[in-house]
Amino acid sequence: MRIIKVEIHNWRSIRDVVITFEDLMVLIGQNNHGKSNILSALLFFFGEISLDPLDFHATLDELFVEVEFADLDESDAKTFKKYLTTSNGMKVRKKATKESGASHHGYIEIPEEEWLQEENISSFTKRETAEQLSLASYLPDAGRITKEIFKDAQEQYIKEHKNELSFNYQLEAGPFLGAKNVAKGIFGHIYFVPSVKKVSDELSAKGKSVFSELYARVINKMSQTNEGFKDARSRIATLIRILNKTNEDGTENPDRPPELNAFEESLQKELDNWDTTIDVEITPPDLDDIFKVGTTVWVDDGIRTDITRKGQGLQRAMIFALVRSLAIITRKEREAEIAEGGPIGAPLRKASKSTYFILEEPELYLHPQAQRELYESLLELSKGENQVVLCTHSSSFLNLDHYRSICVIRKNSLEEGTTVLQFTGDLFPEAEDKRAFNMTYWINPDRGELFFARKVLLVEGATEKTIIPFLANKLGFFRHDYTVIDCGSKGSIPSYLQVLNKFKIPYVAIYDQDHQAGKTSDDIAVANKASQRIESAIDTSIGQSIVLINDIEEEVGLTDGNPKNKPYLALSHVKAEEFIIHPSFDLKIKEIYA
């Protein structure tokens with residue numbers, strides 16, 4: 001099963017957010033806007049972290065994290081059948097108050113007919129009453145109708161007539177699955193890699209770590225197939241039997257070493273006054289655990305040392321290599337299990353086999369090329385039964401081909417708290433717009449930076465991208481959290497506006513009027529048409545336009561018509577001591593950076 005929606009209420013900086021989930025989720029935004037709080041809310045839901053009084057938003061005393069799942073497999077559907085919807089989904093809320101702590105509760109589909117509601121069973125168990133109901137054929141012909149019998153009849157009737165019935169979907173009053181505490185891991189396996197983590201912790205063969213999980217699977221497979229391993233297990237079992245006072249059948253063990261008997265007698269003598277009998281019994285150790293003791297990972301990159309002595313980049317890469325390896329092994333095991341139909345007589349598993357990888361700032365210590373390679377790996381990892389959720393400050397983890405995975409996290413004010421911006425519809429309804437946008441990507445691969453900006457400045461080309469920030473800095477208006485995007489041409493600006501509009505990112509579109517002296521009426525008509533496309537695409541609630549008369553060169557008084565090296569020539573011109581910015585262009589710069 002997989003997550004399709006998460007709702008968070010009153011958790012830390014979050015007042016209320018709803019996030020639509022993809023198999024890969026990329027949470028982005030500026031520092032201290034709430035990305036890590038979304039990750040921690042998920043960890044709270046899955047039982048990976050405990051509740052703290054500081055987790056409640058502001059002065060409020062109740063919170064919840066609600067997760068909606070879809071695509072439950074056959075085993076999950078059996079485990080959670082009470083909560084299964086007609087669309088093969090399930091929704092669960094983990095709520096908490098400062099007084100009573102936290103508990104899970106599921107949503108259930110309750111039929112509108114009273115005689116199909118479990119809480120009303122006692123009103124319909126009399127045979128004369130029950131036989132008047134539509135489910136009468138599902139009841140035994142004779143004998144007393146107990147609550148259990150009637151409940152089974154309800155379930156059968158609902159199952160076979162689901163498409164004919166009307167349901168109310170509501171949160172159950174009682175605890176999830178009727179248990180006070182939900183077993184950790186029941187919704188699947190969680191692997192969390194925080195932004196700061198010692199690789200030695202992740203490479204420990206003991207406790208809960210990705211390496212421990214991988215290594216345990218290797219040991220388990222060895223114990224089943226390796227003859228030497230099986231022989232070692234047998235020898236250890238034989239040794240343990242020799243050490244104990246009695247055999248497995250309760251008879252005295254004549255082969256027990258006398259040293260152990262003497263040791264027991266010595267202890268018993270010292271405790272004579274307590275009227276006790278001492279028996280030192282040796283418990284067989286778990287052979288798998290024996291092989292975990294003292295396990296160390298060494299890396300030879302010219303100098304052989306343990307991994308903790310290597311650079312942070314290599315240590316970080318090792319952690320993600322473990323994550324990817326675990327995903328590959330898990331997928332192969334799952335495919336084999338499906339192919340074999342599962343072991344005969346295997347008990348129903350009580351926990352989902354879905355796996356969720358939650359990663360905080362995976363770009364740390366990795367150079368840009370390694371970041372892009374990691375993104376591709378995580379994209380591949382998110383396929384199948386795995387979901388990947390990461391928060392990042394790097395545009396290397398953004399790809400407009402997977403724009404539905406992008407979730408912009410923003411905190412506009414302390415009162416409003418953390419908000420999210422997503423777009424899950426069709427980003428480019430027109431194929432031509434998508435082609436134009438993708439073309440500018442290859443020219444300007446830094447376009448992903450626009451998702452992190454407080455405001456985006458869209459310009460036609462490299463000259464504007466060079467001159468406008470330079471003059472803003474010179475005039476004292478410049479801001480680092482405003483990003484300038486070179487759109488490649490005037491005709492490409494509307495494509496960028498579509499993206500910014502749908503993700504609600506503030507912007508200014510800066511373009512040339514293109515009414516230069518010497519242009520024909522046809523040229524001016526074409527320019528006006530391009531300008532009108534831009535103006536029509538602007539959402540005035542989040543953006544505006546600034547029109548240059550007639551282009552950036554005229555605005556700064558550059559009369560040299562040399563078409564070559566325009567950014568360099570324009571920058572040299574405005575850096576000259578004698579350059580004086582025209583008051584009208586001064587106002588435009590000020591408005592752009594307002």
# chains A, B, ... in the order shown; residues from 1 in each chain; ligands from 1

call {"tool": "residues_around", "arguments": {"residues": "segment 82-98 of chain A", "least_positions_apart": "6", "cutoff": "7 Å", "atoms": "only C-alpha atoms", "output": "JSON, numbers by chain"}}
result
{"A": [45, 53, 61, 62, 63, 64, 65, 66, 67, 68, 69, 70, 71, 72, 104, 105, 106, 107, 108, 109]}

call {"tool": "residues_around", "arguments": {"residues": "Trp11 of chain A", "least_positions_apart": "5", "cutoff": "6 Å", "atoms": "only C-alpha atoms", "output": "PyMOL selection string"}}
result
chain A and resi 55-57

call {"tool": "atom_distance", "arguments": {"atom1": "atom CA of Val182 of chain A", "atom2": "atom CA of Ile49 of chain A"}}
result
13.6 Å

call {"tool": "atom_distance", "arguments": {"atom1": "atom CA of Glu385 of chain A", "atom2": "atom CA of Gly185 of chain A"}}
result
14.7 Å

call {"tool": "closest_residue", "arguments": {"among": "A:Ala102, A:Ala530, A:Leu267, A:Ala130", "to": "Arg144 of chain A", "atoms": "only C-alpha atoms"}}
result
A:Ala130

call {"tool": "atom_distance", "arguments": {"atom1": "atom CA of Gln315 of chain A", "atom2": "atom CA of Leu42 of chain A"}}
result
25.8 Å

call {"tool": "closest_residue", "arguments": {"among": "A:Asp306, A:Glu554, A:Asp539, A:Glu74", "to": "Leu500 of chain A", "atoms": "only C-alpha atoms"}}
result
A:Asp539

call {"tool": "closest_residue", "arguments": {"among": "A:Val456, A:Tyr482, A:Glu464, A:Ala517", "to": "Gly543 of chain A", "atoms": "only C-alpha atoms"}}
result
A:Val456

call {"tool": "select_by_dssp", "arguments": {"residues": "segment 342-570 of chain A", "states": "helix (DSSP H, G or I)", "output": "PyMOL selection string"}}
result
chain A and resi 368-381+395-397+400-405+431-443+445-452+462-475+490-502+521-537+552-556+566-570
